[in-house]
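Coordinates from work14.pdb are shown below (PDB, C-alpha atoms).
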ATOM      1  CA  MET G   1     -32.156  16.473   7.317
ATOM      2  CA  PHE G   2     -29.551  17.525   4.809
ATOM      3  CA  LYS G   3     -28.440  16.124   1.512
ATOM      4  CA  ALA G   4     -24.673  16.353   1.108
ATOM      5  CA  LYS G   5     -23.046  16.303  -2.313
ATOM      6  CA  VAL G   6     -19.290  15.853  -2.222
ATOM      7  CA  LEU G   7     -16.993  16.327  -5.184
ATOM      8  CA  VAL G   8     -13.603  14.632  -4.806
ATOM      9  CA  LYS G   9     -10.872  15.920  -7.081
ATOM     10  CA  ARG G  10      -7.367  14.678  -7.604
ATOM     11  CA  ARG G  11      -4.881  17.352  -6.524
ATOM     12  CA  PRO G  12      -3.478  19.340  -9.461
ATOM     13  CA  SER G  13       0.073  18.206  -8.695
ATOM     14  CA  ILE G  14      -0.855  14.509  -8.910
ATOM     15  CA  LEU G  15      -0.604  12.734 -12.232
ATOM     16  CA  ASP G  16      -3.907  11.263 -13.473
ATOM     17  CA  PRO G  17      -3.110   8.327 -15.804
ATOM     18  CA  GLN G  18      -6.827   7.511 -16.043
ATOM     19  CA  GLY G  19      -7.712  11.004 -17.246
ATOM     20  CA  MET G  20      -4.859  10.878 -19.752
ATOM     21  CA  ALA G  21      -6.072   7.528 -21.129
ATOM     22  CA  VAL G  22      -9.641   8.780 -21.454
ATOM     23  CA  GLU G  23      -8.400  11.858 -23.265
ATOM     24  CA  LYS G  24      -6.631   9.618 -25.771
ATOM     25  CA  GLY G  25     -10.087   8.182 -26.513
ATOM     26  CA  ALA G  26     -11.399  11.716 -26.998
ATOM     27  CA  LYS G  27      -8.661  12.373 -29.571
ATOM     28  CA  HIS G  28      -9.594   9.156 -31.419
ATOM     29  CA  LEU G  29     -13.174  10.439 -31.580
ATOM     30  CA  GLY G  30     -11.973  13.694 -33.067
ATOM     31  CA  PHE G  31     -12.515  15.945 -30.021
ATOM     32  CA  ASN G  32      -9.488  18.066 -30.727
ATOM     33  CA  ASN G  33     -10.366  20.879 -28.319
ATOM     34  CA  ILE G  34     -10.591  18.649 -25.221
ATOM     35  CA  LYS G  35      -7.648  19.197 -22.885
ATOM     36  CA  GLU G  36      -6.571  18.368 -19.332
ATOM     37  CA  THR G  37      -9.139  15.641 -18.601
ATOM     38  CA  ARG G  38      -9.069  14.811 -14.879
ATOM     39  CA  ILE G  39     -11.190  12.101 -13.304
ATOM     40  CA  GLY G  40     -12.625  12.521  -9.815
ATOM     41  CA  LYS G  41     -15.463  11.096  -7.729
ATOM     42  CA  TYR G  42     -18.911  12.222  -6.717
ATOM     43  CA  VAL G  43     -20.395  11.038  -3.405
ATOM     44  CA  GLU G  44     -23.843  11.898  -2.038
ATOM     45  CA  PHE G  45     -25.481  11.003   1.237
ATOM     46  CA  ILE G  46     -28.026  12.147   3.836
ATOM     47  CA  VAL G  47     -27.003  13.715   7.146
ATOM     48  CA  ASP G  48     -29.800  13.057   9.606
ATOM     49  CA  THR G  49     -29.754  16.176  11.774
ATOM     50  CA  GLU G  50     -31.720  19.435  11.894
ATOM     51  CA  ILE G  51     -28.711  21.603  12.723
ATOM     52  CA  ARG G  52     -26.706  22.883   9.770
ATOM     53  CA  SER G  53     -23.492  23.500  11.714
ATOM     54  CA  SER G  54     -23.385  19.939  13.055
ATOM     55  CA  ALA G  55     -24.170  18.562   9.576
ATOM     56  CA  GLU G  56     -21.232  20.552   8.218
ATOM     57  CA  LYS G  57     -18.963  19.239  10.952
ATOM     58  CA  GLU G  58     -19.980  15.661  10.227
ATOM     59  CA  VAL G  59     -19.498  15.997   6.460
ATOM     60  CA  THR G  60     -16.037  17.473   6.951
ATOM     61  CA  GLU G  61     -15.010  14.729   9.354
ATOM     62  CA  TYR G  62     -16.377  12.004   7.060
ATOM     63  CA  CYS G  63     -14.421  13.472   4.142
ATOM     64  CA  ASP G  64     -11.197  13.977   6.081
ATOM     65  CA  LYS G  65     -11.208  10.582   7.782
ATOM     66  CA  LEU G  66     -12.477   8.301   5.046
ATOM     67  CA  LEU G  67     -13.767   9.725   1.773
ATOM     68  CA  ILE G  68     -10.565  11.423   0.682
ATOM     69  CA  ASN G  69      -6.861  10.815   1.035
ATOM     70  CA  PRO G  70      -5.309  14.244   1.694
ATOM     71  CA  ASN G  71      -2.050  13.155   0.030
ATOM     72  CA  LEU G  72      -3.936  12.633  -3.191
ATOM     73  CA  GLU G  73      -7.229  14.496  -3.254
ATOM     74  CA  ASP G  74      -9.095  17.727  -2.459
ATOM     75  CA  TYR G  75     -12.843  18.036  -2.025
ATOM     76  CA  GLU G  76     -15.714  20.493  -2.004
ATOM     77  CA  TYR G  77     -19.289  19.932  -0.918
ATOM     78  CA  THR G  78     -22.762  21.414  -0.814
ATOM     79  CA  LEU G  79     -25.410  20.854   1.854
ATOM     80  CA  GLU G  80     -29.043  21.204   0.934
ATOM     81  CA  GLU G  81     -31.807  21.049   3.518
ATOM     82  CA  ILE G  82     -34.491  18.515   2.644
ATOM     83  CA  LEU G  83     -37.910  18.090   4.216
TER
ATOM     84  CA  MET L   1      13.552 -17.800  20.023
ATOM     85  CA  LYS L   2      12.016 -17.631  16.548
ATOM     86  CA  PRO L   3       9.315 -14.983  16.051
ATOM     87  CA  LYS L   4       5.641 -15.862  15.875
ATOM     88  CA  PHE L   5       3.969 -14.428  12.771
ATOM     89  CA  GLY L   6       0.362 -13.259  12.517
ATOM     90  CA  VAL L   7      -1.266 -12.935   9.089
ATOM     91  CA  VAL L   8      -4.268 -10.583   9.086
ATOM     92  CA  VAL L   9      -7.265 -11.745   7.063
ATOM     93  CA  PHE L  10      -9.437  -8.954   5.640
ATOM     94  CA  PRO L  11     -12.492  -9.643   3.504
ATOM     95  CA  GLY L  12     -10.947  -9.759   0.046
ATOM     96  CA  SER L  13      -7.412 -10.698   1.111
ATOM     97  CA  ASN L  14      -6.156 -13.312  -1.339
ATOM     98  CA  CYS L  15      -2.503 -13.768  -0.417
ATOM     99  CA  ASP L  16      -3.184 -14.598   3.234
ATOM    100  CA  HIS L  17      -2.867 -18.328   2.590
ATOM    101  CA  ASP L  18       0.250 -17.835   0.458
ATOM    102  CA  ALA L  19       1.878 -15.926   3.323
ATOM    103  CA  TYR L  20       0.739 -18.530   5.869
ATOM    104  CA  TYR L  21       2.022 -21.404   3.711
ATOM    105  CA  ALA L  22       5.394 -19.764   3.015
ATOM    106  CA  LEU L  23       5.998 -18.981   6.686
ATOM    107  CA  LYS L  24       4.695 -22.294   8.039
ATOM    108  CA  LYS L  25       5.724 -24.857   5.423
ATOM    109  CA  ASN L  26       8.654 -23.288   3.609
ATOM    110  CA  LEU L  27      10.275 -21.583   6.596
ATOM    111  CA  GLY L  28       8.941 -23.841   9.367
ATOM    112  CA  LEU L  29       7.737 -20.969  11.573
ATOM    113  CA  ASP L  30       4.926 -20.527  14.067
ATOM    114  CA  VAL L  31       2.175 -18.581  12.293
ATOM    115  CA  THR L  32      -1.480 -17.844  12.916
ATOM    116  CA  PHE L  33      -4.291 -16.091  11.055
ATOM    117  CA  LEU L  34      -5.717 -12.921  12.643
ATOM    118  CA  TRP L  35      -9.326 -12.141  11.680
ATOM    119  CA  HIS L  36      -9.950  -8.473  10.837
ATOM    120  CA  LYS L  37     -12.832  -8.208  13.330
ATOM    121  CA  ASP L  38     -10.666  -9.387  16.234
ATOM    122  CA  THR L  39      -8.506  -7.067  18.286
ATOM    123  CA  ASN L  40      -6.205  -9.619  19.918
ATOM    124  CA  LEU L  41      -2.850 -10.000  18.180
ATOM    125  CA  GLN L  42      -2.305 -13.336  19.979
ATOM    126  CA  ASP L  43       1.232 -12.531  21.138
ATOM    127  CA  CYS L  44       2.542 -12.393  17.582
ATOM    128  CA  ASP L  45       5.965 -10.817  17.125
ATOM    129  CA  VAL L  46       5.602  -9.890  13.463
ATOM    130  CA  ILE L  47       2.305  -8.897  11.827
ATOM    131  CA  VAL L  48       1.810  -9.469   8.104
ATOM    132  CA  LEU L  49      -0.786  -7.440   6.179
ATOM    133  CA  PRO L  50      -1.164  -9.608   3.078
ATOM    134  CA  GLY L  51      -1.958  -8.874  -0.540
ATOM    135  CA  GLY L  52      -5.392  -8.938  -2.115
ATOM    136  CA  PHE L  53      -8.303  -6.623  -2.660
ATOM    137  CA  SER L  54      -9.516  -5.828   0.842
ATOM    138  CA  TYR L  55     -13.120  -4.609   0.799
ATOM    139  CA  GLY L  56     -13.040  -4.878  -2.982
ATOM    140  CA  ASP L  57     -10.617  -1.928  -3.097
ATOM    141  CA  TYR L  58     -13.744   0.255  -2.960
ATOM    142  CA  LEU L  59     -13.213   4.003  -2.495
ATOM    143  CA  ARG L  60      -9.412   3.667  -2.609
ATOM    144  CA  THR L  61      -7.105   0.670  -2.168
ATOM    145  CA  GLY L  62      -6.747  -0.064   1.547
ATOM    146  CA  ALA L  63      -9.017   2.830   2.584
ATOM    147  CA  ILE L  64     -11.689   0.756   4.316
ATOM    148  CA  ALA L  65      -9.460  -2.038   5.649
ATOM    149  CA  ARG L  66      -7.553   0.652   7.488
ATOM    150  CA  PHE L  67     -10.578   1.049   9.835
ATOM    151  CA  SER L  68     -11.014  -2.662  10.590
ATOM    152  CA  PRO L  69     -11.025  -3.377  14.361
ATOM    153  CA  ILE L  70      -7.720  -5.276  14.115
ATOM    154  CA  MET L  71      -6.015  -2.185  12.663
ATOM    155  CA  ASN L  72      -6.330  -0.279  15.962
ATOM    156  CA  SER L  73      -4.380  -3.081  17.625
ATOM    157  CA  VAL L  74      -1.871  -3.097  14.759
ATOM    158  CA  ILE L  75      -1.373   0.676  15.096
ATOM    159  CA  ASN L  76      -0.892   0.359  18.892
ATOM    160  CA  PHE L  77       1.528  -2.506  18.285
ATOM    161  CA  SER L  78       3.524  -0.372  15.844
ATOM    162  CA  GLN L  79       3.695   2.518  18.316
ATOM    163  CA  LYS L  80       5.322   0.172  20.827
ATOM    164  CA  GLY L  81       7.937  -0.764  18.210
ATOM    165  CA  GLY L  82       6.180  -3.932  17.015
ATOM    166  CA  HIS L  83       7.250  -5.222  13.599
ATOM    167  CA  ILE L  84       4.830  -5.051  10.693
ATOM    168  CA  ILE L  85       5.226  -5.989   7.055
ATOM    169  CA  GLY L  86       2.643  -4.934   4.483
ATOM    170  CA  ILE L  87       2.800  -6.676   1.114
ATOM    171  CA  CYS L  88       1.028  -5.237  -1.941
ATOM    172  CA  ASN L  89      -2.504  -4.455  -0.671
ATOM    173  CA  GLY L  90      -0.950  -4.564   2.820
ATOM    174  CA  PHE L  91       1.413  -1.767   1.732
ATOM    175  CA  GLN L  92      -1.592   0.209   0.447
ATOM    176  CA  ILE L  93      -3.310  -0.252   3.838
ATOM    177  CA  LEU L  94      -0.199   0.975   5.702
ATOM    178  CA  LEU L  95      -0.170   4.122   3.546
ATOM    179  CA  GLU L  96      -3.880   4.756   4.160
ATOM    180  CA  ALA L  97      -3.300   4.269   7.893
ATOM    181  CA  GLN L  98      -0.481   6.824   7.580
ATOM    182  CA  LEU L  99       1.955   4.386   9.137
ATOM    183  CA  LEU L 100       4.078   4.961   6.027
ATOM    184  CA  PRO L 101       4.326   8.144   3.908
ATOM    185  CA  GLY L 102       3.139   8.623   0.310
ATOM    186  CA  VAL L 103       0.488   7.032  -1.905
ATOM    187  CA  LEU L 104       0.243   4.322  -4.551
ATOM    188  CA  LEU L 105      -1.347   5.452  -7.804
ATOM    189  CA  LYS L 106      -2.604   3.405 -10.740
ATOM    190  CA  ASN L 107       0.225   1.878 -12.745
ATOM    191  CA  LYS L 108       1.472   4.251 -15.407
ATOM    192  CA  SER L 109       0.459   1.749 -18.101
ATOM    193  CA  LEU L 110      -3.049   1.497 -16.534
ATOM    194  CA  GLN L 111      -2.585  -2.266 -16.764
ATOM    195  CA  PHE L 112      -2.483  -4.874 -14.039
ATOM    196  CA  VAL L 113       1.089  -6.149 -14.067
ATOM    197  CA  CYS L 114       1.849  -9.712 -12.969
ATOM    198  CA  LYS L 115       5.447 -10.844 -13.524
ATOM    199  CA  ASP L 116       8.785 -11.518 -11.892
ATOM    200  CA  VAL L 117      10.872  -8.425 -11.268
ATOM    201  CA  TYR L 118      14.302  -7.782  -9.824
ATOM    202  CA  LEU L 119      14.845  -5.710  -6.700
ATOM    203  CA  SER L 120      17.961  -4.063  -5.403
ATOM    204  CA  VAL L 121      18.428  -3.899  -1.652
ATOM    205  CA  GLU L 122      19.074  -0.198  -1.069
ATOM    206  CA  ASN L 123      19.363  -0.350   2.686
ATOM    207  CA  ASN L 124      20.498  -3.545   4.391
ATOM    208  CA  GLU L 125      20.708  -2.032   7.843
ATOM    209  CA  THR L 126      17.006  -2.396   8.726
ATOM    210  CA  PHE L 127      15.336  -5.046  10.864
ATOM    211  CA  PHE L 128      13.827  -6.476   7.671
ATOM    212  CA  THR L 129      16.884  -6.452   5.442
ATOM    213  CA  LYS L 130      20.009  -6.857   7.562
ATOM    214  CA  GLY L 131      21.966  -9.750   6.070
ATOM    215  CA  LEU L 132      20.676  -9.280   2.509
ATOM    216  CA  VAL L 133      23.388  -8.624  -0.065
ATOM    217  CA  LYS L 134      23.221  -5.183  -1.696
ATOM    218  CA  SER L 135      24.981  -6.157  -4.897
ATOM    219  CA  LYS L 136      22.748  -9.149  -5.644
ATOM    220  CA  PRO L 137      19.258  -8.271  -7.004
ATOM    221  CA  LEU L 138      16.384 -10.380  -5.677
ATOM    222  CA  LYS L 139      13.970 -12.036  -8.098
ATOM    223  CA  ILE L 140      10.470 -11.644  -6.671
ATOM    224  CA  PRO L 141       7.083 -11.399  -8.441
ATOM    225  CA  ILE L 142       4.696  -8.442  -8.476
ATOM    226  CA  ALA L 143       0.953  -8.566  -9.167
ATOM    227  CA  HIS L 144      -0.844  -5.240  -8.923
ATOM    228  CA  GLY L 145      -2.756  -2.527 -10.741
ATOM    229  CA  GLU L 146      -1.946   0.268  -8.296
ATOM    230  CA  GLY L 147       1.704   0.150  -7.326
ATOM    231  CA  ASN L 148       2.931   3.429  -8.753
ATOM    232  CA  TYR L 149       4.580   4.996  -5.695
ATOM    233  CA  PHE L 150       4.177   8.754  -5.419
ATOM    234  CA  ALA L 151       5.212  11.223  -2.724
ATOM    235  CA  ASP L 152       5.538  15.015  -2.709
ATOM    236  CA  SER L 153       9.060  16.392  -2.968
ATOM    237  CA  ASN L 154       9.459  17.027   0.777
ATOM    238  CA  THR L 155       8.389  13.483   1.626
ATOM    239  CA  LEU L 156      10.718  12.080  -1.002
ATOM    240  CA  LYS L 157      13.632  14.152   0.338
ATOM    241  CA  SER L 158      12.943  12.914   3.831
ATOM    242  CA  LEU L 159      12.764   9.273   2.628
ATOM    243  CA  ILE L 160      16.170   9.659   0.994
ATOM    244  CA  LYS L 161      17.705  11.524   3.928
ATOM    245  CA  ASN L 162      16.571   8.921   6.448
ATOM    246  CA  ASN L 163      17.540   5.976   4.253
ATOM    247  CA  GLN L 164      13.940   4.716   4.224
ATOM    248  CA  ILE L 165      13.967   3.432   0.639
ATOM    249  CA  VAL L 166      14.648  -0.253   1.099
ATOM    250  CA  PHE L 167      13.914  -1.876  -2.280
ATOM    251  CA  LYS L 168      14.066  -0.508  -5.834
ATOM    252  CA  TYR L 169      13.027  -2.116  -9.109
ATOM    253  CA  THR L 170      16.065  -2.958 -11.237
ATOM    254  CA  SER L 171      17.134  -5.073 -14.178
ATOM    255  CA  SER L 172      18.607  -8.532 -13.501
ATOM    256  CA  ASP L 173      22.062  -6.956 -13.374
ATOM    257  CA  GLY L 174      20.992  -4.328 -10.864
ATOM    258  CA  LYS L 175      20.391  -1.317 -13.128
ATOM    259  CA  SER L 176      17.600   0.919 -11.879
ATOM    260  CA  ASP L 177      16.082   2.777 -14.863
ATOM    261  CA  ASP L 178      12.789   3.432 -16.695
ATOM    262  CA  GLU L 179      13.001   0.101 -18.460
ATOM    263  CA  SER L 180      13.168  -1.836 -15.198
ATOM    264  CA  ASN L 181      10.343   0.207 -13.639
ATOM    265  CA  PRO L 182       7.150  -1.876 -13.988
ATOM    266  CA  ASN L 183       4.612   0.686 -12.773
ATOM    267  CA  GLY L 184       6.003   4.218 -12.971
ATOM    268  CA  SER L 185       7.018   4.476  -9.299
ATOM    269  CA  MET L 186       9.101   7.512  -8.392
ATOM    270  CA  MET L 187      12.784   6.585  -8.245
ATOM    271  CA  ASN L 188      11.794   2.949  -8.985
ATOM    272  CA  ILE L 189      10.663   2.610  -5.367
ATOM    273  CA  ALA L 190       9.385  -0.902  -4.563
ATOM    274  CA  GLY L 191       9.542  -0.847  -0.769
ATOM    275  CA  ILE L 192      10.050   1.593   2.104
ATOM    276  CA  VAL L 193      10.301   1.549   5.889
ATOM    277  CA  ASN L 194       9.032   4.106   8.400
ATOM    278  CA  LYS L 195      11.469   6.369  10.246
ATOM    279  CA  GLY L 196      11.419   4.042  13.254
ATOM    280  CA  GLY L 197      12.431   1.140  11.021
ATOM    281  CA  ASN L 198       9.815  -1.249  12.431
ATOM    282  CA  ILE L 199       7.286  -1.054   9.562
ATOM    283  CA  LEU L 200       8.005  -2.259   6.024
ATOM    284  CA  GLY L 201       5.735  -1.789   3.013
ATOM    285  CA  MET L 202       6.558  -3.433  -0.305
ATOM    286  CA  MET L 203       4.667  -4.115  -3.543
ATOM    287  CA  PRO L 204       6.516  -7.321  -4.555
ATOM    288  CA  HIS L 205       5.401 -10.641  -3.020
ATOM    289  CA  PRO L 206       8.227 -12.445  -1.161
ATOM    290  CA  GLU L 207       5.728 -15.104  -0.004
ATOM    291  CA  ARG L 208       5.315 -16.204  -3.628
ATOM    292  CA  ALA L 209       9.024 -16.881  -4.010
ATOM    293  CA  CYS L 210       9.815 -19.212  -1.138
ATOM    294  CA  ASN L 211       9.921 -22.584  -2.806
ATOM    295  CA  PRO L 212      12.590 -23.701  -5.318
ATOM    296  CA  VAL L 213       9.927 -25.918  -6.934
ATOM    297  CA  LEU L 214       8.254 -22.715  -8.112
ATOM    298  CA  GLY L 215      11.482 -21.636  -9.771
ATOM    299  CA  LYS L 216      12.299 -18.845  -7.335
ATOM    300  CA  ASN L 217      13.404 -18.759  -3.767
ATOM    301  CA  ASP L 218      14.574 -15.179  -3.113
ATOM    302  CA  GLY L 219      11.450 -14.393  -1.072
ATOM    303  CA  SER L 220      12.683 -16.776   1.587
ATOM    304  CA  LEU L 221      15.847 -14.670   1.856
ATOM    305  CA  VAL L 222      13.678 -11.644   2.773
ATOM    306  CA  LEU L 223      11.435 -13.522   5.215
ATOM    307  CA  GLY L 224      14.444 -15.467   6.521
ATOM    308  CA  ALA L 225      16.324 -12.228   7.229
ATOM    309  CA  ILE L 226      13.421 -11.060   9.404
ATOM    310  CA  VAL L 227      13.602 -14.269  11.450
ATOM    311  CA  LYS L 228      17.366 -14.018  11.839
ATOM    312  CA  ASN L 229      17.283 -10.364  12.828
ATOM    313  CA  PHE L 230      14.523 -10.993  15.359
ATOM    314  CA  MET L 231      16.624 -13.691  17.005
ATOM    315  CA  ASN L 232      19.712 -11.477  17.227
TER
END

Would you write the structure of this file as structure tokens?
Amino acid sequence: MFKAKVLVKRRPSILDPQGMAVEKGAKHLGFNNIKETRIGKYVEFIVDTEIRSSAEKEVTEYCDKLLINPNLEDYEYTLEEIL
Amino acid sequence: MKPKFGVVVFPGSNCDHDAYYALKKNLGLDVTFLWHKDTNLQDCDVIVLPGGFSYGDYLRTGAIARFSPIMNSVINFSQKGGHIIGICNGFQILLEAQLLPGVLLKNKSLQFVCKDVYLSVENNETFFTKGLVKSKPLKIPIAHGEGNYFADSNTLKSLIKNNQIVFKYTSSDGKSDDESNPNGSMMNIAGIVNKGGNILGMMPHPERACNPVLGKNDGSLVLGAIVKNFMN
């Protein structure tokens, strides 16, 4: 079995109003060095197979078909074998 | 013959009954609900994907509804030239299904906006808009938190080139500017059609403006145009 950890990031060219609003909060708190706050998503799940290559294929398909919208987001992932 | 309308019901749809009521009672049309787990479109001529929060808007708006069993039938229907209108969350579902180009981001203000807006008819040559008057803005309400239309520059160029921008947000006298833009949409875009012209997505709710008792009736012009154009 593998544990997949997927990080979904908004594409750099896409405006992130949420990140901008959060950063306003940071300024109110006095965090003057905080810049370019971008908010993404973290998704983790188990892939129930013993074969790494098929786990990778499944993670990629899951991301491409459902977890991300390619018009909006990029992603990266790690796969860790668990016993 | 008048078209038969089918209103898809997803878990979390909340404008399905509004759409049904407007089509059935206000416009006197034949309309049926289509359950998201069914695959039979029941010989409907126009499919409506209604507003709401399908699947709680989890993951992304429209992202999970797009894989409902009924959506395969809707996609097949669209490929055969069938007519589909997605309103609000329905528009978001059409974008996720890649039946229309672009995405809808959170409103620029980050606030849910619920109010009447004015729309200019930018293209009155489509199946959905033929007969609508370009110079007369329509008063139709919006109610959404994620209606900020965004597309990359190539997509935007292609939308303009192919005359796919159908509705824009304007002031009551038809001026399209930042002040009349309720959500930050690029070019004040409120509604677009696909290249084939058989799929319309729009954020405003025509079904909520179909009864003079409610103080607005311009939605019935939009839905009425669809009926008229189907019959011609």

Next on the checklist: I'd like to see the residues matched by the PyMOL selection byres ((chain G) within 12 of (chain L)) on this file, and ideally I'd get them as a list in words.
Outcome noted: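 So the PyMOL selection byres ((chain G) within 12 of (chain L)) ends up selecting Val8, Arg10, Arg11, Ser13, Ile14, Leu15, Asp16, Pro17, Gln18, Gly19, Met20, Ala21, Val22, Gly40, Lys41, Tyr42, Val43, Cys63, Asp64, Lys65, Leu66, Leu67, Ile68, Asn69, Pro70, Asn71, Leu72 and Glu73 of chain G.
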
Based on the selection just made, write C-alpha atoms of those residues as a PDB file, in the frame of the given file.
ATOM      1  CA  VAL G   8     -13.603  14.632  -4.806  1.00  0.00           C
ATOM      2  CA  ARG G  10      -7.367  14.678  -7.604  1.00  0.00           C
ATOM      3  CA  ARG G  11      -4.881  17.352  -6.524  1.00  0.00           C
ATOM      4  CA  SER G  13       0.073  18.206  -8.695  1.00  0.00           C
ATOM      5  CA  ILE G  14      -0.855  14.509  -8.910  1.00  0.00           C
ATOM      6  CA  LEU G  15      -0.604  12.734 -12.232  1.00  0.00           C
ATOM      7  CA  ASP G  16      -3.907  11.263 -13.473  1.00  0.00           C
ATOM      8  CA  PRO G  17      -3.110   8.327 -15.804  1.00  0.00           C
ATOM      9  CA  GLN G  18      -6.827   7.511 -16.043  1.00  0.00           C
ATOM     10  CA  GLY G  19      -7.712  11.004 -17.246  1.00  0.00           C
ATOM     11  CA  MET G  20      -4.859  10.878 -19.752  1.00  0.00           C
ATOM     12  CA  ALA G  21      -6.072   7.528 -21.129  1.00  0.00           C
ATOM     13  CA  VAL G  22      -9.641   8.780 -21.454  1.00  0.00           C
ATOM     14  CA  GLY G  40     -12.625  12.521  -9.815  1.00  0.00           C
ATOM     15  CA  LYS G  41     -15.463  11.096  -7.729  1.00  0.00           C
ATOM     16  CA  TYR G  42     -18.911  12.222  -6.717  1.00  0.00           C
ATOM     17  CA  VAL G  43     -20.395  11.038  -3.405  1.00  0.00           C
ATOM     18  CA  CYS G  63     -14.421  13.472   4.142  1.00  0.00           C
ATOM     19  CA  ASP G  64     -11.197  13.977   6.081  1.00  0.00           C
ATOM     20  CA  LYS G  65     -11.208  10.582   7.782  1.00  0.00           C
ATOM     21  CA  LEU G  66     -12.477   8.301   5.046  1.00  0.00           C
ATOM     22  CA  LEU G  67     -13.767   9.725   1.773  1.00  0.00           C
ATOM     23  CA  ILE G  68     -10.565  11.423   0.682  1.00  0.00           C
ATOM     24  CA  ASN G  69      -6.861  10.815   1.035  1.00  0.00           C
ATOM     25  CA  PRO G  70      -5.309  14.244   1.694  1.00  0.00           C
ATOM     26  CA  ASN G  71      -2.050  13.155   0.030  1.00  0.00           C
ATOM     27  CA  LEU G  72      -3.936  12.633  -3.191  1.00  0.00           C
ATOM     28  CA  GLU G  73      -7.229  14.496  -3.254  1.00  0.00           C
TER      29      GLU G  73
END

Item to check | Selection: 12 Å around Asn124 in chain L, all atoms listed in the file, excl. self and same-chain fewer than 3 positions, as a ChimeraX atom specification | outcome: /L:120-121,127-136,163-167,192-193,197,222,225-226,229

Checklist entry - Which is closer to Ile82 in chain G than all the others in G:Ala55, G:Leu29, G:Ile46, G:Ile34, using all atoms listed in the file? => result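 Of G:Ala55, G:Leu29, G:Ile46, G:Ile34, the one nearest Ile82 in chain G, counting all atoms listed in the file, is G:Ile46.
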
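Residues surrounding range 73-88 of chain L within 7 Å are L:Thr39, L:Asp45, L:Val46, L:Ile47, L:Val48, L:Leu49, L:Pro50, L:Gly51, L:Gln92, L:Leu94, L:Asn198, L:Ile199, L:Leu200, L:Gly201, L:Met202, L:Met203, L:Pro204, L:His205 [only C-alpha atoms; sequence separation below 4 positions excluded].
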
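Coordinates place CA of Gly145 in chain L at a distance of 20.0 Å from CA of Ala19 in chain L.
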
Item to check | Residues returned when the PyMOL selection byres ((chain L and resi 65) around 9) runs on this file, as a PyMOL selection string | outcome: chain L and resi 10-11+36+54-55+57+61-64+66-69+71+93+96

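Minimum atom-to-atom distance to Gly174 in chain L, evaluated using only C-alpha atoms, belongs to L:Leu119 out of L:Leu214, L:Leu119, L:Met186, L:Ala143.
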
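Atom to atom, CA of Asp116 in chain L and CA of Ile142 in chain L stand 6.2 Å apart.
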
Next on the checklist: What does the structure give for the distance between CA of Lys9 in chain G and CA of Gly90 in chain L, in Å to one decimal?
Outcome noted: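 Rounded to one decimal, the two atoms are 24.8 Å apart.
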
Next on the checklist: Need to verify the contact set: Leu79 in chain G, 12 Å, only C-alpha atoms, exclusion of same-chain residues closer than 3 positions in sequence. Can you return it as number ranges by chain?
Outcome noted: G: 1-7, 44-60, 76, 82

Padding 6 Å on every side, please: axis-aligned box over the listed atoms of range 65-74 of chain G, centre and edge lengths to one decimal in Å, as JSON.
{"center_x": -7.9, "center_y": 13.0, "center_z": 2.3, "size_x": 23.7, "size_y": 21.4, "size_z": 23.0}

Checklist entry - Between L:Val213, L:Leu138, L:Ile160, L:Leu27, which is the closest to Ile189 in chain L once you count all atoms listed in the file? => result L:Ile160

Checklist entry - On this structure, which residues satisfy the PyMOL selection byres ((chain L and resi 170) around 6), written as number ranges by chain? => result L: 118-119, 169, 171, 174-176, 180

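For the choices L:Val117, L:Tyr149, L:Asn123, L:Lys24, the atom-to-atom distance to Glu179 in chain L is smallest for L:Val117 when using all atoms listed in the file.
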
Item to check | Shell of 9 Å around Asn217 in chain L, all atoms listed in the file, local chain residues under 3 positions omitted, as a list in words | outcome: Lys139, Ile140, Pro206, Arg208, Ala209, Cys210, Asn211, Pro212, Val213, Leu214, Ser220 and Leu221 of chain L
